[in-house]
>>> print(open('my_file-v9.txt').read())   # compact mmCIF, C-alpha atoms
# COMPACT_ATOMS: atom_id res chain seq x y z
CA MET A 192 0.00 0.00 0.00
CA LYS A 193 1.26 3.45 -0.94
CA ASN A 194 0.80 6.70 0.95
CA THR A 195 -2.37 8.55 -0.04
CA ILE A 196 -1.89 12.25 -0.85
CA PHE A 197 -5.40 13.20 0.23
CA THR A 198 -8.86 11.79 0.72
CA GLY A 199 -12.06 13.71 0.02
CA ALA A 200 -12.53 16.65 -2.35
CA GLY A 201 -9.59 18.49 -3.86
CA VAL A 202 -10.37 21.64 -5.83
CA ALA A 203 -9.12 22.04 -9.39
CA ILE A 204 -8.83 25.74 -8.72
CA VAL A 205 -9.41 28.41 -11.36
CA THR A 206 -6.82 31.06 -12.12
CA PRO A 207 -8.39 34.52 -11.71
CA MET A 208 -7.46 37.08 -14.36
CA ASN A 209 -7.30 40.87 -14.37
CA GLU A 210 -8.99 42.86 -17.15
CA ASP A 211 -5.70 42.97 -19.07
CA GLY A 212 -5.45 39.17 -18.94
CA SER A 213 -2.70 39.04 -16.33
CA ILE A 214 -3.04 36.71 -13.35
CA ASN A 215 -4.85 38.20 -10.36
CA PHE A 216 -2.89 36.71 -7.48
CA GLU A 217 -4.88 38.57 -4.84
CA LYS A 218 -8.08 36.90 -6.04
CA LEU A 219 -6.32 33.54 -6.26
CA GLY A 220 -5.42 33.95 -2.60
CA GLU A 221 -9.05 34.70 -1.74
CA LEU A 222 -10.18 31.54 -3.55
CA ILE A 223 -7.57 29.42 -1.78
CA ASP A 224 -8.70 30.75 1.61
CA PHE A 225 -12.39 30.32 0.71
CA ASN A 226 -11.80 26.70 -0.23
CA ILE A 227 -9.67 25.78 2.76
CA ASP A 228 -12.00 27.58 5.19
CA ASN A 229 -14.88 25.54 3.76
CA GLY A 230 -13.38 22.08 3.98
CA THR A 231 -11.51 21.53 0.73
CA ASP A 232 -9.04 18.69 1.23
CA ALA A 233 -6.38 19.69 -1.34
CA ILE A 234 -5.52 22.51 -3.73
CA ILE A 235 -4.78 21.46 -7.30
CA ILE A 236 -3.04 24.38 -9.01
CA CYS A 237 -2.35 24.83 -12.72
CA GLY A 238 -4.63 22.09 -13.96
CA THR A 239 -7.04 22.25 -16.88
CA THR A 240 -9.46 24.36 -14.84
CA GLY A 241 -6.55 26.65 -13.98
CA GLU A 242 -5.85 27.38 -17.67
CA SER A 243 -2.28 26.14 -17.45
CA SER A 244 -2.23 25.61 -21.22
CA THR A 245 -2.25 29.39 -21.79
CA MET A 246 0.36 30.26 -19.16
CA THR A 247 3.94 31.23 -19.86
CA ASP A 248 6.59 29.17 -18.12
CA GLU A 249 7.18 32.01 -15.68
CA GLU A 250 3.47 32.33 -14.87
CA HIS A 251 3.12 28.59 -14.37
CA VAL A 252 5.97 28.47 -11.87
CA GLU A 253 4.81 31.63 -10.09
CA CYS A 254 1.27 30.23 -9.68
CA ILE A 255 2.64 27.07 -8.13
CA ARG A 256 4.92 29.09 -5.85
CA TYR A 257 2.08 31.38 -4.78
CA ALA A 258 -0.36 28.52 -4.07
CA ILE A 259 2.21 26.69 -1.93
CA GLU A 260 3.07 29.81 0.07
CA LYS A 261 -0.56 30.90 0.48
CA THR A 262 -1.75 27.45 1.50
CA ASN A 263 1.09 27.22 4.01
CA HIS A 264 0.72 23.50 4.74
CA ARG A 265 -2.97 23.77 5.68
CA VAL A 266 -3.83 21.17 3.01
CA PRO A 267 -1.72 19.44 0.34
CA VAL A 268 -0.89 21.42 -2.81
CA ILE A 269 -0.76 19.37 -6.00
CA ALA A 270 0.85 21.06 -8.98
CA GLY A 271 -0.14 20.41 -12.58
CA THR A 272 3.11 19.76 -14.43
CA GLY A 273 2.05 17.53 -17.31
CA SER A 274 2.99 18.09 -20.93
CA ASN A 275 3.12 16.31 -24.27
CA HIS A 276 6.90 16.95 -24.19
CA THR A 277 8.45 14.59 -21.66
CA GLU A 278 11.59 16.64 -21.02
CA TYR A 279 9.51 19.75 -20.42
CA ALA A 280 7.27 17.88 -17.95
CA VAL A 281 10.34 16.52 -16.16
CA ASN A 282 11.85 19.98 -15.76
CA LEU A 283 8.60 21.57 -14.59
CA SER A 284 8.03 18.71 -12.15
CA LYS A 285 11.49 19.25 -10.68
CA GLU A 286 10.72 22.95 -10.23
CA ALA A 287 7.42 22.20 -8.50
CA GLU A 288 9.17 19.77 -6.17
CA ALA A 289 11.83 22.36 -5.34
CA LEU A 290 9.09 24.90 -4.56
CA GLY A 291 7.57 22.52 -2.02
CA ALA A 292 4.62 20.93 -3.85
CA ASP A 293 3.15 17.95 -2.03
CA GLY A 294 2.41 16.12 -5.25
CA LEU A 295 2.14 16.40 -9.03
CA LEU A 296 -0.73 16.01 -11.46
CA CYS A 297 0.51 14.85 -14.86
CA VAL A 298 -1.84 14.68 -17.82
CA THR A 299 -1.46 12.22 -20.68
CA PRO A 300 0.45 13.56 -23.71
CA TYR A 301 -1.92 15.38 -26.05
CA TYR A 302 -1.87 16.10 -29.80
CA ASN A 303 1.21 14.02 -30.59
CA LYS A 304 -0.29 11.39 -28.22
CA THR A 305 1.63 8.11 -27.90
CA SER A 306 1.19 4.34 -27.57
CA GLN A 307 0.49 2.57 -24.28
CA ALA A 308 4.19 1.66 -24.14
CA GLY A 309 4.98 5.31 -24.75
CA LEU A 310 2.74 6.31 -21.84
CA ILE A 311 4.66 3.98 -19.55
CA ALA A 312 7.98 5.45 -20.69
CA HIS A 313 6.69 9.05 -20.43
CA PHE A 314 5.21 8.81 -16.94
CA THR A 315 8.06 6.69 -15.61
CA ALA A 316 10.57 9.32 -16.76
CA ILE A 317 8.66 12.04 -14.89
CA ALA A 318 8.24 9.98 -11.72
CA ASN A 319 11.89 8.93 -11.66
CA ALA A 320 13.00 12.57 -11.87
CA VAL A 321 11.33 13.51 -8.56
CA LYS A 322 10.70 12.06 -5.12
CA ILE A 323 7.24 13.48 -4.46
CA PRO A 324 4.11 11.49 -5.38
CA VAL A 325 2.59 11.66 -8.85
CA ILE A 326 -1.09 11.52 -9.82
CA LEU A 327 -1.71 10.55 -13.43
CA TYR A 328 -4.50 12.42 -15.21
CA ASN A 329 -6.54 10.44 -17.71
CA VAL A 330 -8.86 12.69 -19.74
CA PRO A 331 -9.17 11.20 -23.24
CA SER A 332 -11.85 13.71 -24.34
CA ARG A 333 -9.15 16.40 -24.26
CA THR A 334 -5.98 14.48 -25.06
CA GLY A 335 -7.15 11.89 -27.57
CA VAL A 336 -5.46 9.06 -25.68
CA ASN A 337 -6.79 6.76 -22.97
CA ILE A 338 -4.63 5.12 -20.31
CA LEU A 339 -5.78 1.51 -20.32
CA PRO A 340 -6.23 -0.31 -16.99
CA GLU A 341 -3.41 -2.71 -17.89
CA THR A 342 -1.11 0.27 -18.47
CA LEU A 343 -2.07 1.74 -15.11
CA LYS A 344 -1.29 -1.59 -13.50
CA LYS A 345 2.23 -1.41 -14.93
CA LEU A 346 2.63 2.24 -13.90
CA SER A 347 1.42 1.47 -10.37
CA GLU A 348 4.63 -0.54 -9.96
CA VAL A 349 6.59 2.75 -10.05
CA GLU A 350 7.13 3.70 -6.40
CA ASN A 351 5.94 7.31 -6.47
CA ILE A 352 3.14 6.95 -9.02
CA VAL A 353 0.41 6.76 -6.40
CA ALA A 354 -2.90 7.66 -8.03
CA VAL A 355 -4.93 8.40 -11.13
CA LYS A 356 -7.46 11.14 -11.75
CA GLU A 357 -9.95 9.21 -13.87
CA ALA A 358 -11.94 11.46 -16.19
CA SER A 359 -12.67 8.98 -18.95
CA GLY A 360 -16.31 8.85 -17.82
CA ASN A 361 -16.18 5.07 -18.18
CA ILE A 362 -17.23 3.47 -14.89
CA SER A 363 -16.48 -0.01 -16.25
CA GLN A 364 -12.91 1.14 -16.81
CA VAL A 365 -12.72 2.48 -13.25
CA ALA A 366 -13.91 -0.91 -11.95
CA LYS A 367 -11.19 -2.69 -13.91
CA ILE A 368 -8.51 -0.26 -12.68
CA ALA A 369 -9.60 -0.90 -9.10
CA ALA A 370 -9.57 -4.67 -9.64
CA LEU A 371 -6.14 -4.71 -11.29
CA CYS A 372 -4.31 -2.15 -9.15
CA GLY A 373 -5.87 -2.53 -5.72
CA ASP A 374 -4.01 -0.61 -3.02
CA ASP A 375 -1.11 0.17 -5.36
CA LEU A 376 -3.01 3.00 -7.08
CA ASP A 377 -5.51 5.42 -5.55
CA ILE A 378 -8.37 6.53 -7.79
CA TYR A 379 -9.90 10.02 -7.82
CA SER A 380 -12.98 10.87 -9.82
CA GLY A 381 -12.24 13.50 -12.44
CA ASN A 382 -15.95 14.19 -12.92
CA ASP A 383 -18.21 15.76 -10.30
CA ASP A 384 -21.21 13.73 -11.46
CA GLN A 385 -19.37 10.46 -10.82
CA ILE A 386 -18.12 10.94 -7.26
CA LEU A 387 -20.43 8.27 -5.83
CA PRO A 388 -19.82 5.45 -8.33
CA VAL A 389 -16.05 6.00 -8.35
CA MET A 390 -15.86 6.05 -4.57
CA ALA A 391 -18.16 3.04 -4.31
CA LEU A 392 -15.50 1.20 -6.32
CA GLY A 393 -12.86 2.19 -3.80
CA GLY A 394 -11.94 5.68 -4.98
CA LYS A 395 -10.38 8.06 -2.45
CA GLY A 396 -12.23 11.19 -3.56
CA VAL A 397 -12.60 13.71 -6.36
CA ILE A 398 -10.52 16.37 -8.05
CA SER A 399 -13.37 18.78 -8.47
CA VAL A 400 -14.52 21.75 -10.54
CA LEU A 401 -17.67 22.06 -8.43
CA SER A 402 -15.54 22.69 -5.33
CA ASN A 403 -14.60 26.12 -6.70
CA CYS A 404 -18.16 27.28 -5.95
CA MET A 405 -19.32 24.77 -3.35
CA PRO A 406 -16.27 23.49 -1.44
CA PHE A 407 -18.10 22.51 1.75
CA GLU A 408 -20.83 20.60 -0.04
CA THR A 409 -18.41 18.73 -2.31
CA HIS A 410 -16.20 17.85 0.64
CA GLU A 411 -19.28 16.65 2.52
CA ILE A 412 -20.38 14.34 -0.31
CA ALA A 413 -16.93 12.76 -0.50
CA ALA A 414 -16.68 12.49 3.28
CA LEU A 415 -20.03 10.68 3.45
CA CYS A 416 -18.83 8.23 0.81
CA LEU A 417 -15.67 7.60 2.81
CA ASP A 418 -17.91 6.82 5.79
CA ASN A 419 -20.00 4.45 3.63
CA LYS A 420 -23.04 6.70 4.07
CA TYR A 421 -24.03 6.46 0.43
CA ASP A 422 -27.73 7.17 0.93
CA GLU A 423 -26.95 10.57 2.46
CA ALA A 424 -24.24 11.24 -0.12
CA ARG A 425 -26.61 10.41 -2.97
CA GLU A 426 -29.25 12.77 -1.63
CA LYS A 427 -26.78 15.65 -1.45
CA ALA A 428 -25.20 14.84 -4.81
CA ASN A 429 -28.57 14.65 -6.55
CA ARG A 430 -29.47 18.09 -5.23
CA LEU A 431 -26.33 19.56 -6.84
CA LEU A 432 -26.42 17.50 -10.04
CA GLU A 433 -28.11 20.10 -12.26
CA PHE A 434 -25.60 22.76 -11.23
CA ALA A 435 -22.66 20.35 -11.53
CA ASN A 436 -23.76 19.56 -15.08
CA ALA A 437 -24.31 23.25 -15.85
CA LEU A 438 -20.65 23.85 -15.05
CA PHE A 439 -19.92 21.88 -18.22
CA CYS A 440 -22.48 23.49 -20.52
CA ASP A 441 -19.49 25.06 -22.28
CA VAL A 442 -15.79 24.32 -22.35
CA ASN A 443 -14.28 24.14 -18.85
CA PRO A 444 -13.40 26.53 -17.18
CA ILE A 445 -15.69 29.02 -18.95
CA PRO A 446 -18.84 28.15 -16.94
CA VAL A 447 -17.17 27.84 -13.52
CA LYS A 448 -15.54 31.23 -13.94
CA GLU A 449 -18.91 32.67 -14.92
CA ALA A 450 -20.49 31.07 -11.84
CA LEU A 451 -17.81 32.51 -9.56
CA ASN A 452 -18.36 35.94 -11.10
CA ILE A 453 -22.11 35.62 -10.52
CA MET A 454 -21.29 34.78 -6.90
CA GLY A 455 -19.28 38.00 -6.64
CA PHE A 456 -15.74 36.63 -6.63
CA GLY A 457 -14.64 38.68 -9.64
CA VAL A 458 -12.29 36.12 -11.16
CA GLY A 459 -12.43 37.66 -14.64
CA GLU A 460 -12.74 35.83 -17.93
CA CYS A 461 -10.74 33.06 -19.55
CA ARG A 462 -7.81 33.68 -21.83
CA LEU A 463 -8.25 33.23 -25.55
CA PRO A 464 -9.09 31.02 -27.33
CA LEU A 465 -11.78 30.50 -24.67
CA ILE A 466 -14.48 33.18 -24.79
CA ARG A 467 -17.44 34.06 -22.60
CA MET A 468 -20.40 31.77 -23.14
CA SER A 469 -23.69 32.86 -24.72
CA GLU A 470 -26.37 34.75 -22.81
CA ASP A 471 -28.79 31.83 -22.93
CA LYS A 472 -26.21 29.55 -21.33
CA ILE A 473 -25.47 32.18 -18.68
CA ALA A 474 -29.20 32.41 -17.93
CA SER A 475 -29.45 28.61 -17.62
CA LEU A 476 -26.37 28.47 -15.38
CA THR A 477 -27.78 31.25 -13.17
CA GLU A 478 -31.11 29.46 -12.88
CA SER A 479 -29.37 26.26 -11.75
CA MET A 480 -27.57 28.30 -9.08
CA LYS A 481 -30.81 29.86 -7.85
CA LYS A 482 -32.44 26.45 -7.45
CA ILE A 483 -29.88 25.43 -4.85
CA GLY A 484 -29.72 28.81 -3.14
CA LEU A 485 -26.22 29.64 -4.33
CA VAL A 486 -27.48 33.04 -5.53
CA LYS A 487 -30.81 34.82 -5.10
>>> encode(input="my_file-v9.txt", output="structure tokens")
Amino acid sequence: MKNTIFTGAGVAIVTPMNEDGSINFEKLGELIDFNIDNGTDAIIICGTTGESSTMTDEEHVECIRYAIEKTNHRVPVIAGTGSNHTEYAVNLSKEAEALGADGLLCVTPYYNKTSQAGLIAHFTAIANAVKIPVILYNVPSRTGVNILPETLKKLSEVENIVAVKEASGNISQVAKIAALCGDDLDIYSGNDDQILPVMALGGKGVISVLSNCMPFETHEIAALCLDNKYDEAREKANRLLEFANALFCDVNPIPVKEALNIMGFGVGECRLPLIRMSEDKIASLTESMKKIGLVK
């Protein structure tokens, strides 16, 4: 059995932007405090939701540095350091480790993709370059490549590859991963609408978009699952399901940033090529928030 980085709900935190498109670190600090004060179990910085793909190298490193310093050991900080260029991912992972990150989140190579054997070589190279734990991020809808359960079994043999964020949406695949890897690989749901089924299969929690807006509630759902109180968890999850789905009515993180702005956080808009969603989608998102009392 390997050491678990966190259990419960970790937030895939957004990166607030100023009007000129620069990173608003003051707002990022407010979001980090808001999440930790409301039960979030880990901060995941510079992931997909954090718009890492549009950051310069300097911005990426500075965001990781800021999150680690602001969090100040209150919860684990997991830094997104994945890339489709293995050497780049290795170097960024080393920097995150030197800054004090508690773990890394490494996405599958995108665009150039690779074979299953290539995935093993890629992730092993990253893991061997650092000593801190690594969470693999499987999101084939974005990358065009799926990490097969048999590949994860092989990767789980690497000492500091400790978990996978499973966002394939395929519960049968999650079941097979759990059966093959057992205690050698923790599983986190990568989808807010699949927290219960993933955790029922032995998952340790969720890396969540929903937590940006509702950290306490998301933490509570995961905590109930950990306590095997699935009836209560299901009731709470079903109440939030419409809003959780609304957060994906457009490309993530467009809707969650819109929701945070509606809530008054002032996180700004996404960087191009992502643009603000249509007025009808904003109206639908707002209505879903009203139904659960998130806004009046």
>>> atom_distance(input="my_file-v9.txt", atom1="atom CA of Glu478 of chain A", atom2="atom CA of Asn361 of chain A")
29.1 Å
>>> residues_around(input="my_file-v9.txt", residues="Lys356 of chain A", least_positions_apart="6", cutoff="7 Å", atoms="only C-alpha atoms", output="MDAnalysis selection string")
chainID A and resid 326:329 378:381
>>> write_last_selection(input="my_file-v9.txt", atoms="C-alpha atoms", output="PDB file, in the coordinates of the input")
ATOM      1  CA  ILE A 326      -1.090  11.520  -9.820  1.00  0.00           C
ATOM      2  CA  LEU A 327      -1.710  10.550 -13.430  1.00  0.00           C
ATOM      3  CA  TYR A 328      -4.500  12.420 -15.210  1.00  0.00           C
ATOM      4  CA  ASN A 329      -6.540  10.440 -17.710  1.00  0.00           C
ATOM      5  CA  ILE A 378      -8.370   6.530  -7.790  1.00  0.00           C
ATOM      6  CA  TYR A 379      -9.900  10.020  -7.820  1.00  0.00           C
ATOM      7  CA  SER A 380     -12.980  10.870  -9.820  1.00  0.00           C
ATOM      8  CA  GLY A 381     -12.240  13.500 -12.440  1.00  0.00           C
TER       9      GLY A 381
END
>>> atom_distance(input="my_file-v9.txt", atom1="atom CA of Asn337 of chain A", atom2="atom CA of Thr315 of chain A")
16.6 Å
>>> closest_atom_pairs(input="my_file-v9.txt", of="segment 227-337 of chain A", to="segment 200-205 of chain A", cutoff="10 Å", atoms="all atoms listed in the file", output="CSV")
residue,atom,partner,partner_atom,distance
A:Ile227,CA,A:Val202,CA,9.6
A:Gly230,CA,A:Ala200,CA,8.4
A:Thr231,CA,A:Gly201,CA,5.8
A:Asp232,CA,A:Gly201,CA,5.1
A:Ala233,CA,A:Gly201,CA,4.3
A:Ile234,CA,A:Val202,CA,5.4
A:Ile235,CA,A:Ala203,CA,4.9
A:Ile236,CA,A:Ile204,CA,6.0
A:Cys237,CA,A:Ile204,CA,7.7
A:Gly238,CA,A:Ala203,CA,6.4
A:Thr239,CA,A:Ala203,CA,7.8
A:Thr240,CA,A:Val205,CA,5.3
A:Gly241,CA,A:Val205,CA,4.3
A:Glu242,CA,A:Val205,CA,7.3
A:Ser243,CA,A:Val205,CA,9.6
A:Val266,CA,A:Gly201,CA,9.4
A:Pro267,CA,A:Gly201,CA,9.0
A:Val268,CA,A:Gly201,CA,9.2
A:Ile269,CA,A:Gly201,CA,9.1
A:Gly271,CA,A:Ala203,CA,9.7
>>> atom_distance(input="my_file-v9.txt", atom1="atom CA of Ala258 of chain A", atom2="atom CA of Ala435 of chain A")
24.9 Å
>>> closest_residue(input="my_file-v9.txt", among="A:Leu485, A:Glu357, A:Leu476, A:Asn443", to="Gly455 of chain A", atoms="all atoms listed in the file")
A:Leu485
>>> residues_around(input="my_file-v9.txt", residues="Asp211 of chain A", least_positions_apart="3", cutoff="10 Å", atoms="only C-alpha atoms", output="list in words")
Met208, Ile214, Asn215, Gly459 and Arg462 of chain A
>>> closest_residue(input="my_file-v9.txt", among="A:Ile259, A:Cys254, A:Cys372, A:Leu222", to="Lys344 of chain A", atoms="only C-alpha atoms")
A:Cys372
>>> closest_residue(input="my_file-v9.txt", among="A:Lys193, A:Asn319, A:Thr334, A:Asn229", to="Asn275 of chain A", atoms="only C-alpha atoms")
A:Thr334
>>> decode(input="my_file-v9.txt", residues="segment 247-338 of chain A", atoms="C-alpha atoms", output="compact mmCIF listing (two decimals), in the first residue's frame")
# COMPACT_ATOMS: atom_id res chain seq x y z
CA THR A 247 3.94 31.23 -19.86
CA ASP A 248 6.59 29.17 -18.12
CA GLU A 249 7.18 32.01 -15.68
CA GLU A 250 3.47 32.33 -14.87
CA HIS A 251 3.12 28.59 -14.37
CA VAL A 252 5.97 28.47 -11.87
CA GLU A 253 4.81 31.63 -10.09
CA CYS A 254 1.27 30.23 -9.68
CA ILE A 255 2.64 27.07 -8.13
CA ARG A 256 4.92 29.09 -5.85
CA TYR A 257 2.08 31.38 -4.78
CA ALA A 258 -0.36 28.52 -4.07
CA ILE A 259 2.21 26.69 -1.93
CA GLU A 260 3.07 29.81 0.07
CA LYS A 261 -0.56 30.90 0.48
CA THR A 262 -1.75 27.45 1.50
CA ASN A 263 1.09 27.22 4.01
CA HIS A 264 0.72 23.50 4.74
CA ARG A 265 -2.97 23.77 5.68
CA VAL A 266 -3.83 21.17 3.01
CA PRO A 267 -1.72 19.44 0.34
CA VAL A 268 -0.89 21.42 -2.81
CA ILE A 269 -0.76 19.37 -6.00
CA ALA A 270 0.85 21.06 -8.98
CA GLY A 271 -0.14 20.41 -12.58
CA THR A 272 3.11 19.76 -14.43
CA GLY A 273 2.05 17.53 -17.31
CA SER A 274 2.99 18.09 -20.93
CA ASN A 275 3.12 16.31 -24.27
CA HIS A 276 6.90 16.95 -24.19
CA THR A 277 8.45 14.59 -21.66
CA GLU A 278 11.59 16.64 -21.02
CA TYR A 279 9.51 19.75 -20.42
CA ALA A 280 7.27 17.88 -17.95
CA VAL A 281 10.34 16.52 -16.16
CA ASN A 282 11.85 19.98 -15.76
CA LEU A 283 8.60 21.57 -14.59
CA SER A 284 8.03 18.71 -12.15
CA LYS A 285 11.49 19.25 -10.68
CA GLU A 286 10.72 22.95 -10.23
CA ALA A 287 7.42 22.20 -8.50
CA GLU A 288 9.17 19.77 -6.17
CA ALA A 289 11.83 22.36 -5.34
CA LEU A 290 9.09 24.90 -4.56
CA GLY A 291 7.57 22.52 -2.02
CA ALA A 292 4.62 20.93 -3.85
CA ASP A 293 3.15 17.95 -2.03
CA GLY A 294 2.41 16.12 -5.25
CA LEU A 295 2.14 16.40 -9.03
CA LEU A 296 -0.73 16.01 -11.46
CA CYS A 297 0.51 14.85 -14.86
CA VAL A 298 -1.84 14.68 -17.82
CA THR A 299 -1.46 12.22 -20.68
CA PRO A 300 0.45 13.56 -23.71
CA TYR A 301 -1.92 15.38 -26.05
CA TYR A 302 -1.87 16.10 -29.80
CA ASN A 303 1.21 14.02 -30.59
CA LYS A 304 -0.29 11.39 -28.22
CA THR A 305 1.63 8.11 -27.90
CA SER A 306 1.19 4.34 -27.57
CA GLN A 307 0.49 2.57 -24.28
CA ALA A 308 4.19 1.66 -24.14
CA GLY A 309 4.98 5.31 -24.75
CA LEU A 310 2.74 6.31 -21.84
CA ILE A 311 4.66 3.98 -19.55
CA ALA A 312 7.98 5.45 -20.69
CA HIS A 313 6.69 9.05 -20.43
CA PHE A 314 5.21 8.81 -16.94
CA THR A 315 8.06 6.69 -15.61
CA ALA A 316 10.57 9.32 -16.76
CA ILE A 317 8.66 12.04 -14.89
CA ALA A 318 8.24 9.98 -11.72
CA ASN A 319 11.89 8.93 -11.66
CA ALA A 320 13.00 12.57 -11.87
CA VAL A 321 11.33 13.51 -8.56
CA LYS A 322 10.70 12.06 -5.12
CA ILE A 323 7.24 13.48 -4.46
CA PRO A 324 4.11 11.49 -5.38
CA VAL A 325 2.59 11.66 -8.85
CA ILE A 326 -1.09 11.52 -9.82
CA LEU A 327 -1.71 10.55 -13.43
CA TYR A 328 -4.50 12.42 -15.21
CA ASN A 329 -6.54 10.44 -17.71
CA VAL A 330 -8.86 12.69 -19.74
CA PRO A 331 -9.17 11.20 -23.24
CA SER A 332 -11.85 13.71 -24.34
CA ARG A 333 -9.15 16.40 -24.26
CA THR A 334 -5.98 14.48 -25.06
CA GLY A 335 -7.15 11.89 -27.57
CA VAL A 336 -5.46 9.06 -25.68
CA ASN A 337 -6.79 6.76 -22.97
CA ILE A 338 -4.63 5.12 -20.31
